[in-house]
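Raw contents of run05.txt, compact mmCIF, C-alpha atoms and all ligand atoms:
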# COMPACT_ATOMS: atom_id res chain seq x y z
CA MET A 50 -20.69 -43.41 -4.59
CA PHE A 51 -22.42 -44.01 -1.32
CA CYS A 52 -21.78 -43.23 2.33
CA VAL A 53 -20.19 -46.09 4.25
CA GLU A 54 -21.92 -44.91 7.44
CA CYS A 55 -25.52 -44.32 6.40
CA GLY A 56 -25.63 -45.68 2.88
CA ALA A 57 -26.81 -42.41 1.31
CA GLU A 58 -25.86 -42.04 -2.31
CA GLY A 59 -24.00 -39.02 -3.68
CA LYS A 60 -20.80 -37.19 -3.13
CA VAL A 61 -18.63 -38.52 -0.30
CA TYR A 62 -15.90 -36.98 1.83
CA GLU A 63 -13.46 -39.50 3.29
CA SER A 64 -15.98 -42.20 2.29
CA VAL A 65 -18.96 -40.63 4.10
CA CYS A 66 -21.67 -38.22 3.02
CA GLU A 67 -21.61 -34.53 3.88
CA GLU A 68 -23.96 -34.96 6.84
CA CYS A 69 -22.01 -37.84 8.37
CA PHE A 70 -18.74 -36.06 7.70
CA LEU A 71 -19.80 -32.93 9.59
CA LYS A 72 -21.18 -35.08 12.43
CA LYS A 73 -17.87 -36.92 12.72
CA HIS A 74 -15.63 -33.87 12.67
CA LYS A 75 -15.40 -31.01 15.11
CA LEU A 76 -13.35 -29.03 12.55
CA VAL A 77 -12.59 -26.21 14.97
CA GLU A 78 -12.23 -25.97 18.72
CA LEU A 79 -11.78 -23.21 21.23
CA PRO A 80 -10.84 -23.49 24.92
CA ASP A 81 -13.64 -22.71 27.39
CA THR A 82 -11.63 -19.85 28.83
CA LEU A 83 -8.98 -17.62 27.36
CA ASP A 84 -6.73 -15.94 29.87
CA PHE A 85 -4.29 -13.26 28.92
CA GLU A 86 -2.41 -10.49 30.61
CA MET A 87 -3.17 -6.78 30.56
CA CYS A 88 -0.67 -4.20 31.81
CA LYS A 89 -2.35 -2.29 34.60
CA GLU A 90 -0.07 0.69 34.00
CA CYS A 91 -0.47 1.35 30.29
CA GLY A 92 -3.31 -0.97 29.23
CA SER A 93 -1.35 -2.99 26.69
CA PHE A 94 -2.00 -6.73 26.21
CA LEU A 95 0.28 -9.74 26.07
CA VAL A 96 -0.52 -11.64 22.87
CA GLY A 97 1.72 -14.63 22.45
CA SER A 98 5.05 -13.30 23.61
CA LYS A 99 4.49 -9.70 22.54
CA TRP A 100 2.99 -6.73 24.36
CA VAL A 101 0.68 -4.79 22.08
CA LYS A 102 -1.08 -1.49 22.56
CA VAL A 103 -4.45 -2.03 20.86
CA PRO A 104 -8.14 -1.76 21.85
CA VAL A 105 -9.37 -4.75 23.88
CA GLU A 106 -11.57 -5.96 20.97
CA ARG A 107 -8.54 -6.19 18.72
CA ALA A 108 -6.52 -7.94 21.42
CA ILE A 109 -9.27 -10.57 21.77
CA GLU A 110 -9.23 -11.16 18.00
CA MET A 111 -5.46 -11.56 18.06
CA VAL A 112 -5.67 -14.02 20.95
CA LEU A 113 -8.42 -15.95 19.14
CA ASP A 114 -6.24 -16.18 16.06
CA GLU A 115 -3.75 -18.13 18.11
CA ALA A 116 -6.22 -20.05 20.28
CA MET A 117 -8.56 -21.53 17.66
CA SER A 118 -7.40 -24.98 16.66
CA TYR A 119 -8.54 -26.31 13.30
CA GLU A 120 -8.51 -29.86 12.10
CA LYS A 121 -6.18 -30.51 9.22
CA GLU A 122 -9.10 -30.95 6.79
CA VAL A 123 -9.98 -27.27 7.07
CA ASP A 124 -8.61 -25.44 4.06
CA SER A 125 -9.45 -21.88 4.91
CA SER A 126 -11.40 -20.08 7.55
CA ARG A 127 -12.36 -16.74 8.96
CA PHE A 128 -14.31 -15.66 11.97
CA THR A 129 -16.28 -12.84 13.47
CA VAL A 130 -16.61 -12.34 17.18
CA ASP A 131 -19.29 -10.90 19.42
CA ILE A 132 -17.90 -9.56 22.66
CA ILE A 133 -20.20 -9.19 25.64
CA PRO A 134 -18.48 -7.53 28.61
CA GLU A 135 -19.30 -9.00 32.02
CA ASP A 136 -17.15 -6.45 33.78
CA GLU A 137 -13.93 -4.60 33.03
CA MET A 138 -11.81 -7.71 33.08
CA ASN A 139 -14.19 -10.48 31.89
CA PHE A 140 -15.98 -10.98 28.60
CA SER A 141 -18.26 -13.60 27.11
CA ILE A 142 -17.53 -14.18 23.49
CA VAL A 143 -19.40 -15.84 20.66
CA VAL A 144 -17.30 -16.71 17.65
CA GLU A 145 -18.88 -17.39 14.29
CA CYS A 146 -16.41 -19.37 12.24
CA ASP A 147 -16.74 -19.82 8.46
CA MET A 148 -14.72 -22.62 6.93
CA TYR A 149 -14.01 -24.38 3.70
CA VAL A 150 -13.43 -28.14 4.01
CA TYR A 151 -12.70 -29.77 0.66
CA ASP A 152 -15.44 -28.12 -1.39
CA LEU A 153 -17.85 -27.85 1.52
CA ARG A 154 -18.59 -24.50 3.02
CA THR A 155 -19.71 -24.72 6.58
CA SER A 156 -19.88 -22.58 9.68
CA LYS A 157 -19.73 -23.19 13.36
CA GLU A 158 -20.53 -21.15 16.42
CA LEU A 159 -18.18 -21.35 19.38
CA GLN A 160 -18.42 -19.84 22.81
CA SER A 161 -15.77 -18.94 25.28
CA ARG A 162 -14.87 -16.55 28.06
CA VAL A 163 -12.03 -14.07 28.09
CA ARG A 164 -10.43 -13.30 31.43
CA LEU A 165 -7.92 -10.48 31.59
CA LYS A 166 -5.22 -10.91 34.20
CA PRO A 167 -3.71 -7.73 35.66
CA SER A 168 0.02 -7.62 35.03
CA GLN A 169 2.81 -5.26 34.08
CA CYS A 170 4.38 -5.06 30.64
CA VAL A 171 8.12 -5.07 29.97
CA THR A 172 8.23 -1.35 29.18
CA CYS A 173 6.38 -0.36 32.37
CA THR A 174 8.46 -2.75 34.48
CA ARG A 175 11.66 -1.24 33.12
CA LYS A 176 10.38 2.26 33.59
CA LYS A 177 9.51 1.52 37.23
CA SER A 178 12.86 -0.09 37.86
CA MET A 179 14.68 3.03 36.57
CA TYR A 180 16.03 1.02 33.68
CA TYR A 181 17.78 3.04 31.01
CA GLU A 182 19.89 2.29 27.97
CA ALA A 183 21.16 5.76 27.23
CA ILE A 184 21.60 9.21 28.69
CA LEU A 185 20.95 12.18 26.47
CA GLN A 186 22.79 15.23 27.76
CA VAL A 187 22.30 18.70 26.38
CA ARG A 188 24.78 21.45 27.22
CA ALA A 189 26.04 24.68 25.68
CA ASP A 190 29.61 25.69 25.00
CA GLY A 191 30.81 28.06 27.72
CA ARG A 192 27.40 29.24 28.83
CA ASP A 193 24.15 28.14 30.48
CA LEU A 194 21.18 27.18 28.37
CA SER A 195 18.50 29.85 28.10
CA GLU A 196 15.07 29.15 29.60
CA GLU A 197 13.70 29.10 26.07
CA GLU A 198 16.24 26.52 24.95
CA LEU A 199 15.54 24.39 28.04
CA ASP A 200 11.79 24.51 27.35
CA ARG A 201 11.98 23.87 23.63
CA ILE A 202 14.42 21.00 23.83
CA THR A 203 12.43 19.35 26.65
CA GLU A 204 9.33 19.60 24.49
CA VAL A 205 11.03 18.01 21.48
CA VAL A 206 12.35 15.12 23.59
CA HIS A 207 8.94 14.50 25.21
CA ASN A 208 7.21 14.54 21.83
CA ARG A 209 9.59 12.02 20.30
CA VAL A 210 9.31 9.70 23.30
CA GLU A 211 5.50 9.85 23.26
CA ALA A 212 5.45 9.05 19.55
CA SER A 213 7.52 5.94 20.12
CA THR A 214 5.82 2.78 21.39
CA ASP A 215 8.65 1.17 23.29
CA THR A 216 10.55 3.86 25.10
CA PHE A 217 10.19 6.11 28.10
CA ILE A 218 12.15 8.56 30.19
CA SER A 219 12.99 7.01 33.53
CA LYS A 220 14.54 10.14 34.93
CA GLU A 221 15.12 13.68 33.76
CA GLU A 222 17.11 16.55 35.20
CA ARG A 223 16.86 20.20 34.37
CA MET A 224 19.69 22.47 35.44
CA HIS A 225 20.84 25.93 34.36
CA THR A 226 23.74 24.27 32.65
CA GLY A 227 21.58 21.87 30.67
CA LEU A 228 19.39 18.81 30.53
CA ASP A 229 19.84 15.09 31.24
CA PHE A 230 17.37 12.51 30.00
CA TYR A 231 17.72 8.87 31.11
CA MET A 232 16.08 7.01 28.27
CA GLY A 233 14.72 3.50 27.85
CA SER A 234 15.83 3.18 24.24
CA ASN A 235 19.30 3.71 22.89
CA ASP A 236 17.88 4.03 19.41
CA VAL A 237 15.54 6.89 20.29
CA ALA A 238 18.32 8.66 22.23
CA ARG A 239 20.67 8.42 19.25
CA LYS A 240 18.05 9.80 16.86
CA LEU A 241 17.26 12.67 19.23
CA SER A 242 20.94 13.49 19.54
CA LYS A 243 21.18 13.79 15.73
CA GLU A 244 17.99 15.80 15.49
CA LEU A 245 19.03 18.30 18.17
CA ALA A 246 22.49 18.65 16.66
CA SER A 247 21.11 19.59 13.27
CA THR A 248 18.46 21.92 14.71
CA TYR A 249 20.87 23.83 16.91
CA SER A 250 24.15 23.62 14.95
CA ALA A 251 25.39 21.62 17.90
CA GLN A 252 28.29 19.21 18.27
CA GLU A 253 27.44 15.58 19.07
CA GLN A 254 29.51 13.10 20.96
CA SER A 255 28.70 9.62 22.18
CA SER A 256 30.52 7.55 24.72
CA PRO A 257 29.54 3.93 25.28
CA LYS A 258 30.22 2.39 28.64
CA LEU A 259 30.37 -1.36 29.14
CA VAL A 260 27.91 -2.20 31.92
CA GLY A 261 27.71 -5.99 31.72
CA MET A 262 26.64 -8.92 29.61
CA LYS A 263 23.26 -9.91 28.22
CA ASP A 264 22.59 -13.11 26.28
CA GLY A 265 26.31 -13.54 25.67
CA HIS A 266 26.79 -10.04 24.29
CA ASP A 267 28.51 -7.04 25.81
CA LEU A 268 25.92 -4.63 27.13
CA TYR A 269 26.67 -0.95 26.71
CA ARG A 270 25.08 2.14 28.10
CA VAL A 271 25.66 5.13 25.88
CA THR A 272 25.87 8.77 26.87
CA TYR A 273 25.01 11.17 24.05
CA LEU A 274 26.28 14.68 24.59
CA VAL A 275 24.80 17.43 22.46
CA ARG A 276 26.74 20.66 22.88
CA LEU A 277 25.07 23.80 21.61
CA PRO A 278 27.43 26.52 20.42
CA GLN A 279 28.23 29.50 22.59
CA TYR A 280 26.62 31.81 20.02
CA LYS A 281 22.96 32.24 19.20
CA VAL A 282 21.20 33.83 16.24
CA GLY A 283 21.91 37.59 16.30
CA ASP A 284 25.23 37.31 18.14
CA VAL A 285 28.43 38.69 16.70
CA ILE A 286 31.30 36.22 16.61
CA ASN A 287 34.97 36.57 15.86
CA TYR A 288 35.93 33.91 13.32
CA GLN A 289 39.58 34.00 12.33
CA GLY A 290 39.86 37.69 13.13
CA THR A 291 36.75 38.80 11.20
CA LEU A 292 33.47 39.77 12.81
CA TYR A 293 30.32 38.03 11.62
CA GLN A 294 26.74 38.20 12.73
CA VAL A 295 25.05 34.79 13.19
CA ARG A 296 21.99 34.79 10.95
CA LYS A 297 20.75 31.22 10.88
CA MET A 298 21.56 28.01 12.72
CA ALA A 299 20.74 24.51 11.47
CA THR A 300 22.94 21.80 9.94
CA THR A 301 25.11 24.68 8.77
CA VAL A 302 25.56 28.13 10.27
CA SER A 303 24.87 31.17 8.11
CA LEU A 304 27.14 34.10 8.94
CA MET A 305 27.09 37.66 7.64
CA ASN A 306 30.38 39.50 7.42
CA LEU A 307 29.68 42.76 9.27
CA GLU A 308 31.96 44.81 7.01
CA ASP A 309 30.40 44.02 3.64
CA TRP A 310 27.27 42.01 4.57
CA ASP A 311 28.52 39.07 2.55
CA MET A 312 26.75 35.83 3.55
CA GLN A 313 28.65 32.61 4.11
CA SER A 314 27.76 29.15 5.42
CA PHE A 315 29.96 27.09 7.67
CA PRO A 316 29.72 23.63 9.18
CA PRO A 317 29.28 24.14 12.93
CA SER A 318 32.44 22.15 13.63
CA GLU A 319 34.53 24.81 11.90
CA LEU A 320 33.21 27.52 14.21
CA VAL A 321 33.94 25.70 17.45
CA GLY A 322 36.06 28.05 19.54
CA SER A 323 34.87 31.22 17.80
CA ARG A 324 34.42 33.89 20.46
CA VAL A 325 31.16 35.75 20.95
CA GLU A 326 32.01 39.46 20.96
CA ASP A 327 30.61 41.89 23.47
CA CYS A 328 28.71 44.26 21.21
CA PHE A 329 26.09 46.92 21.67
CA HIS A 330 23.22 47.75 19.39
CA LEU A 331 22.81 51.53 19.25
CA ASP A 332 21.27 54.24 17.13
CA ALA A 333 23.67 56.87 15.77
CA VAL A 334 23.06 60.24 14.12
CA LEU A 335 23.78 60.18 10.38
CA LEU A 336 26.02 63.17 9.60
CA ALA A 337 26.85 62.77 5.93
CA GLN A 338 27.16 60.21 3.20
CA THR A 339 28.79 59.62 -0.17
CA GLU A 340 28.28 56.80 -2.62
CA SER A 341 30.63 54.50 -0.74
CA GLU A 342 30.77 55.83 2.80
CA ILE A 343 28.65 57.21 5.59
CA GLN A 344 29.64 59.35 8.49
CA ILE A 345 27.95 58.97 11.82
CA MET A 346 28.41 60.35 15.29
CA ASP A 347 29.56 57.77 17.81
CA PRO A 348 26.88 58.12 20.52
CA ASP A 349 29.42 57.37 23.28
CA THR A 350 32.31 59.62 22.28
CA LEU A 351 30.36 62.09 20.07
CA LYS A 352 33.19 61.76 17.55
CA THR A 353 32.65 61.48 13.81
CA VAL A 354 33.23 58.01 12.45
CA SER A 355 33.39 56.99 8.77
CA ILE A 356 32.07 53.59 7.78
CA LYS A 357 32.28 51.93 4.38
CA LYS A 358 28.79 51.19 3.07
CA PRO A 359 28.09 47.47 2.88
CA GLU A 360 26.51 46.03 -0.26
CA GLY A 361 22.79 46.68 -0.24
CA PHE A 362 22.75 49.26 2.52
CA GLN A 363 20.35 52.13 2.12
CA SER A 364 20.05 54.91 4.61
CA SER A 365 16.70 56.46 5.27
CA GLY A 366 16.15 59.06 7.94
CA GLU A 367 18.48 60.82 10.27
CA GLU A 368 19.64 57.87 12.31
CA VAL A 369 21.42 54.64 11.55
CA SER A 370 21.34 51.42 13.62
CA ILE A 371 24.86 50.41 14.47
CA ILE A 372 26.64 47.56 16.18
CA LYS A 373 29.50 48.78 18.33
CA CYS A 374 32.17 46.26 19.21
CA GLU A 375 35.69 46.54 20.55
CA LYS A 376 36.99 46.03 17.02
CA GLY A 377 34.97 48.86 15.54
CA ILE A 378 31.60 50.20 14.56
CA PHE A 379 29.46 48.49 11.92
CA ILE A 380 26.15 49.29 10.33
CA ALA A 381 23.61 46.83 11.78
CA PRO A 382 22.08 44.57 9.13
CA SER A 383 18.31 44.41 9.18
CA GLN A 384 17.12 41.23 10.83
CA LYS A 385 15.17 39.89 7.91
CA ASP A 386 16.97 37.57 5.52
ZN ZN A 401 -23.80 -40.64 5.71
ZN ZN A 402 2.66 -1.19 30.43
Go through the file and emit its structure as C-alpha cells.
Amino acid sequence: MFCVECGAEGKVYESVCEECFLKKHKLVELPDTLDFEMCKECGSFLVGSKWVKVPVERAIEMVLDEAMSYEKEVDSSRFTVDIIPEDEMNFSIVVECDMYVYDLRTSKELQSRVRLKPSQCVTCTRKKSMYYEAILQVRADGRDLSEEELDRITEVVHNRVEASTDTFISKEERMHTGLDFYMGSNDVARKLSKELASTYSAQEQSSPKLVGMKDGHDLYRVTYLVRLPQYKVGDVINYQGTLYQVRKMATTVSLMNLEDWDMQSFPPSELVGSRVEDCFHLDAVLLAQTESEIQIMDPDTLKTVSIKKPEGFQSSGEEVSIIKCEKGIFIAPSQKD
C-alpha cells in the first residue's frame, strides 16, 4: 500500500499515510471563546440547560465536554485541561486532547477562553420572587407551641432545606401559636410534614389548592398542617376515663397507666381529644405500708390516704413522690424508662 498524496509506502488511512492523514484532518475543534452563565447569588453554573452547584474547574470541564466537536473518525478521546484565571470571571484554558483514530493514537492541544456571564439561576429567581409550592404549618392541639418546640422544629426545617439542592424557604413566620414555612419544593415540604409527624406524634393533614395551569397540567399549591398533640412527655392525660402519664412520643405514644404502671402504646390518632389533666407533683409523708398498699398523708388536707402499690414500686425513705389530680392521688413513676 502507498499514500495517494505523497507516495510513501506503508499503512494507509483513507488511502493516505499517517502523516498526510493527520495533516488533512483537524479531528477536534473548540470555539475560541466559551461563554456560560454563573448565578451571582449562589455561584452555580448553567451547563447545557441545567444549573449545577460545582467548583468552577468542574463546570469548565462539563462545558468542554459539550463544546468539543470531534470528527466522526475519532473513536475515543479524553482530555485534561489547564485553567489559568485572568480574573474572577475570565479564564484562559489549554486543553490536551488524547484520541484514538482507527488504530492511531494521537493528541492535540487546543486553546480557548472561558468567560463567565453573571446571571441568576432558577432557584434564586424563584426565591427572590417569593415563589412557593407548599406551605408547611406547624400547630399544637389546643395550646401554643413551647419556645423549645418552636426552636427545635425551625432547626429541623432549616437543616433539611440546606441539605437539599433545589429548594429554599421564601418566607417564614414564627408565632406563639406555631410556625409557617413557605417552601420552594412541594416534595421537601411533604417529607418534612411526615418527619415532624412521626417525631412529635402529630397529626398530618394536607390540602391542595388549585392555583392555575402549567404546561397543560393543573398546578396545585399544597398546605401541609402538622398538629402536635395537646400533651407532652410527662403530662397526665385522661384516655377513656383512665389516667395515663405520657412517657414517650414518636410514631406511637407510650402511656403508663398511673394506677398499676402498666405500659401501653397507642397510635397518636387514637388519643386525639384526650384531655390533659391538671395535676400536681408533690412529696407526701409515708405513714405505713403493707405488701399491697401504702398509706400517705395528703399534703394539702393532712388526711391519710391509702394507695394500691403499682407493680414494681419500692418505697425508700420517709417520703413518696405523688401525682395529685382531681381524680385521685397516684404514686409518681420515676422518670427513667
Ligand atoms: Zn502521505
Ligand atoms: Zn442561584
Margin query: Give me, as number ranges by chain, all polymer residues having an atom no more than 9 Å from range 58-67 of chain A, counting all atoms listed in the file and skipping those fewer than 6 positions away in the same chain.
Written below: A: 50-52, 151, 153
Margin query: Rounded to one decimal, what separation in Å do you get between CA of Asp236 in chain A and CA of Cys170 in chain A?
Written below: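 Here the two named atoms are 19.8 Å from each other.
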Notebook entry, point to check: Quick one: of A:Asp200, A:Ser195, A:Arg324, A:Glu182, who's nearest to Leu259 in chain A, counting all atoms listed in the file?
Noted result: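 For Leu259 in chain A, the nearest of the given residues is A:Glu182.
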Margin query: Just want the 12 Å neighbourhood of Arg175 in chain A, counted on only C-alpha atoms, with same-chain residues fewer than 2 positions away dropped. Output as a ChimeraX atom specification.
Written below: /A:90,169-173,177-182,215-220,231-234
Margin query: I'd like the contact shell of Tyr269 in chain A - 6 Å cut-off, all atoms listed in the file, skipping same-chain residues fewer than 6 positions apart - returned as JSON, numbers by chain.
Written below: {"A": [257, 258, 259, 260]}
Next, write the just-selected residues to a file, as a CSV table (one decimal), in the frame of the given file, keeping C-alpha atoms as the atom set.
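What landed in result.csv:
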chain,number,residue,atom,x,y,z
A,257,PRO,CA,29.5,3.9,25.3
A,258,LYS,CA,30.2,2.4,28.6
A,259,LEU,CA,30.4,-1.4,29.1
A,260,VAL,CA,27.9,-2.2,31.9
Next item on the list: Give me, please, the distance in Å between CA of Pro134 in chain A and CA of Tyr119 in chain A, quoted to one decimal.
Entry: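 Calculated distance between CA of Pro134 in chain A and CA of Tyr119 in chain A is 26.2 Å.
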Next item on the list: May I have the residues at most 10 Å from (22.4, 35.8, 7.2) in the file's coordinates, counting all atoms listed in the file, as a PyMOL selection string?
Entry: chain A and resi 282-283+293-298+302-306+310-314+382-386
Item checked: Shell around Ala337 in chain A at 10 Å using all atoms listed in the file, local window under 5 positions removed, as a VMD selection string -> chain A and resid 342 to 346 353 355 367
Notebook entry, point to check: How many Å lie between CA of Val210 in chain A and CA of Val101 in chain A, rounded to one decimal?
Noted result: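 Spanning CA of Val210 in chain A to CA of Val101 in chain A is a straight-line distance of 16.9 Å.
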Check: What's the 10 Å shell around Lys357 in chain A, counting all atoms listed in the file, without same-chain residues fewer than 3 positions away, as JSON, numbers by chain?
Finding: {"A": [308, 309, 338, 339, 340, 341, 342, 343, 344, 360, 379, 380]}
Checklist line | Nearest to ligand ZN 402 (chain A) by atom-to-atom distance, counting all atoms listed in the file, from A:Asn235, A:Ser365, A:Asn139, A:Thr174 | finding: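 Smallest distance to ligand ZN 402 (chain A) is found for A:Thr174.
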